[in-house]
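> Structure incoming, see below.
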Amino acid sequence: MEKRVTFNDRLLPYLLLAPQMVITLVFFFWPSAQAMYQSLVTEDAFGGNTKFVWFQNFAGLLSDPNYYDSVRLTVMFSALVSAIGLAISLLLAVMADRVIRGSSVYKAILVWPYAVAPAVAGVLFGFLFNPSVGIVAWLLQHVGIEFNYVINGNQALLLIVFASVWSQVSYNFLFFLAGLQSIPKSLIEAAAIDGAGPGRRFWDIAFPLLSPTGFFLLVINVIYSFVGTFGVVASLTQGGPGQATNILVYKVFNDGFRGQDLGGSSAQSVILIIALVLLTIIQFRFIERRVHY
Amino acid sequence: MVENRPWLTAFSHFVLVIGVIVIAFPLWMTFVASTHDQTTMLQSPIPLWPGSHMLENYRLVLTEGYNNRPGSVPLYITLTNSMVMALGVALGKIAISIIAAFAIVYFRFPFRMAFFWAIFVTLMLPVEVRIVPTYGVVANLGMLDSYPGLIIPLIASATATFLFRQFFLSVPDELAEAARVDGASPMRFFWDILLPMSRTSIAALFVIQFIYGWNQYLWPLLITTKESFYTVVMTVSRQANVVDTVPAWNLLMAMAMLAMLPPVLVVVFMQRQFVRGLVETEK
């Protein structure tokens with residue numbers, strides 16, 4: 001889309017763009033180029049001898065079983081967070097769309113988690129499930145489940161899934177609710193007159209019309225679980241126990257800052273960047289199509 | 001409502017109440033824990049109802065921090081830092097992106113689309129994935145342990161520019177035409193017409209970006225080494241990971257409450273702008 005009416009000025013538009021462009025160049029393009037460069041060199045621990053090694057860092061990464069473990073873990077984590085998060089928020093949105101009385105109260109409470117930083121959400125869940133004082137861990141123990149995320153890898157993974165879903169529920173809920181409320185009431189009424197019950201109306205009308213929203217949210221949730229959950233992991237498990245929760249974005253940080261493996265960390269960054277770019281392209285292609293829909 | 005189905009409505013309320021309880025429970029337990037003394041919070045099961053030590057816990061963390069050991073900071077300092085950072089990120093983003101969008105929409109000039117795409121690609125790369133080199137750049141510029149270092153690298157974002165671009169494209173052409181006929185300069189048009197018209201978009205964006213800035217975790221963690229620049233979210237997370245022989249859950253949870261309070265208040269009291277901002281910036 002273009003404006004028909006524009007202003008003429010030779011210098012002004014560049015001046016207006018300058019602040020954003022300078023910041024983008026310095027803090028965005030320059031570091032990204034550095035990441036690309038660093039992924040192709042090795043450096044000794046003191047930053048002294050830099051050697052250009054082409055794709056050796058990538059080769060090293062791709063022959064490292066730890067890296068594949070992290071990839072598998074991230075895919076599973078991402079699938080769990082997206083599936084559970086989307087299912088719960090769709091259910092809540094459908095219910096909130098149905099009720100008239102009290103819906104604003106429900107909505108006002110369901111949006112709270114959005115305001116809570118993932119890192120703080122991690123702290124809260126660590127408290128609830130703390131093996132010695134956590135109230136939920138205590139309850140679980142009383143029904144015969146020994147919950148100790150500090151030593152049990154699967155339980156640690158489950159816990160970061162819970163905390164991440166909790167963090168993201170508000171966002172999904174608001175988008176699903178907006179999607180449901182934009183469905184024309186006449187369609188629903190026509191189906192009701194034809195004798196379709198609430199379940200049938202949901203699956204045959206609301207659900208297909210919600211699919212663009214659902215797809216959009218799926219991509220956003222996958223990106224969120226790849227990147228946005230960093231704070232949850234850092235606060236709760238720090239990748240452990242062992243490697244049980246060492247998802248890719250945490251591994252980039254851990255190898256780069258703790259392990260001082262700049263080349264390997266940069267190579268991981270580059271791979272993660274490519275994955276995110278692909279996801280974003282999918283998302284935008286889809287939104288483009290939705291406009292004509 | 002299309003038809004009256006009392007059972008289904010009751011079921012909906014039931015599901016929603018369960019949902020609200022699950023969502024609110026972590027927050028409730030945090031509040032409860034922040035109102036007891038340390039010994040109460042070390043005996044399992046911990047109480048489910050608030051105690052009587054609320055004021056003293058909050059006073060302690062605000063003025064002295066978690067404990068007297070190095071690395072523990074009074075929360076009034078970290079809360080101030082978070083406020084500066086959140087406001088800086090929100091206002092900075094709005095300021096640079098509204099003028100950039102103005103240039104892209106209302107002018108024709110060489111390389112316009114190149115600029116547009118250069119901004120567009122930044123959408124794809126959150127700071128978490130290019131963290132090591134970005135840290136290097138900021139360190140080279142001598143911006144570690146400073147407010148500009150906390151704020152400036154985070155204010156280049158495509159979302160805000162796109163939101164304003166979308167909005168400007170929906171502004172009727174007649175307004176710009178009238179301004180031109182009357183001999184108004186482009187900046188005059190921007191200040192007197194476009195900016196006042198953008199009020200609601202600005203408010204919506206402000207809410208989202210304030211929360212974004214307040215909730216930053218990784219960035220402040222990396223670039224601050226001096227306690228006087230710590231932000232509250234990273235302080236809470238750091239403190240939670242310090243292994244204590246006798247953890248003071250009451251104080252930690254009081255800190256978590258204070259870290260959540262400002263963004264939660266913003267969401268609750270500016271709910272309309274918040275929902276609008278959320279749904280529109282992501283489109």
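Simple scheme: letters A, B, ... for chains in structure tokens order, numbers from 1 for residues in each chain, numbers from 1 for ligands in the order shown.
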Using only C-alpha atoms, find the residues of chain A whose closest atom to chain B is at most 6 Å away, then write them as an NGL selection string.

:A and (6-7 or 13 or 16-17 or 20 or 23-24 or 27 or 31 or 34-35 or 95 or 115-117 or 133 or 235 or 269 or 277)

> Please extract the residues of segment 18-253 of chain B with a backbone DSSP assignment of helix (DSSP H, G or I) and present them as number ranges by chain.

B: 18-33, 40-42, 54-63, 75-106, 112-124, 127-140, 147-154, 158-170, 173-181, 186-197, 199-214, 218-223, 227-229, 232-241, 249-253

> Go ahead and compute the interatomic distance for atom CA of Ala192 of chain A and atom CA of Phe207 of chain A, in Å to one decimal.

15.6 Å
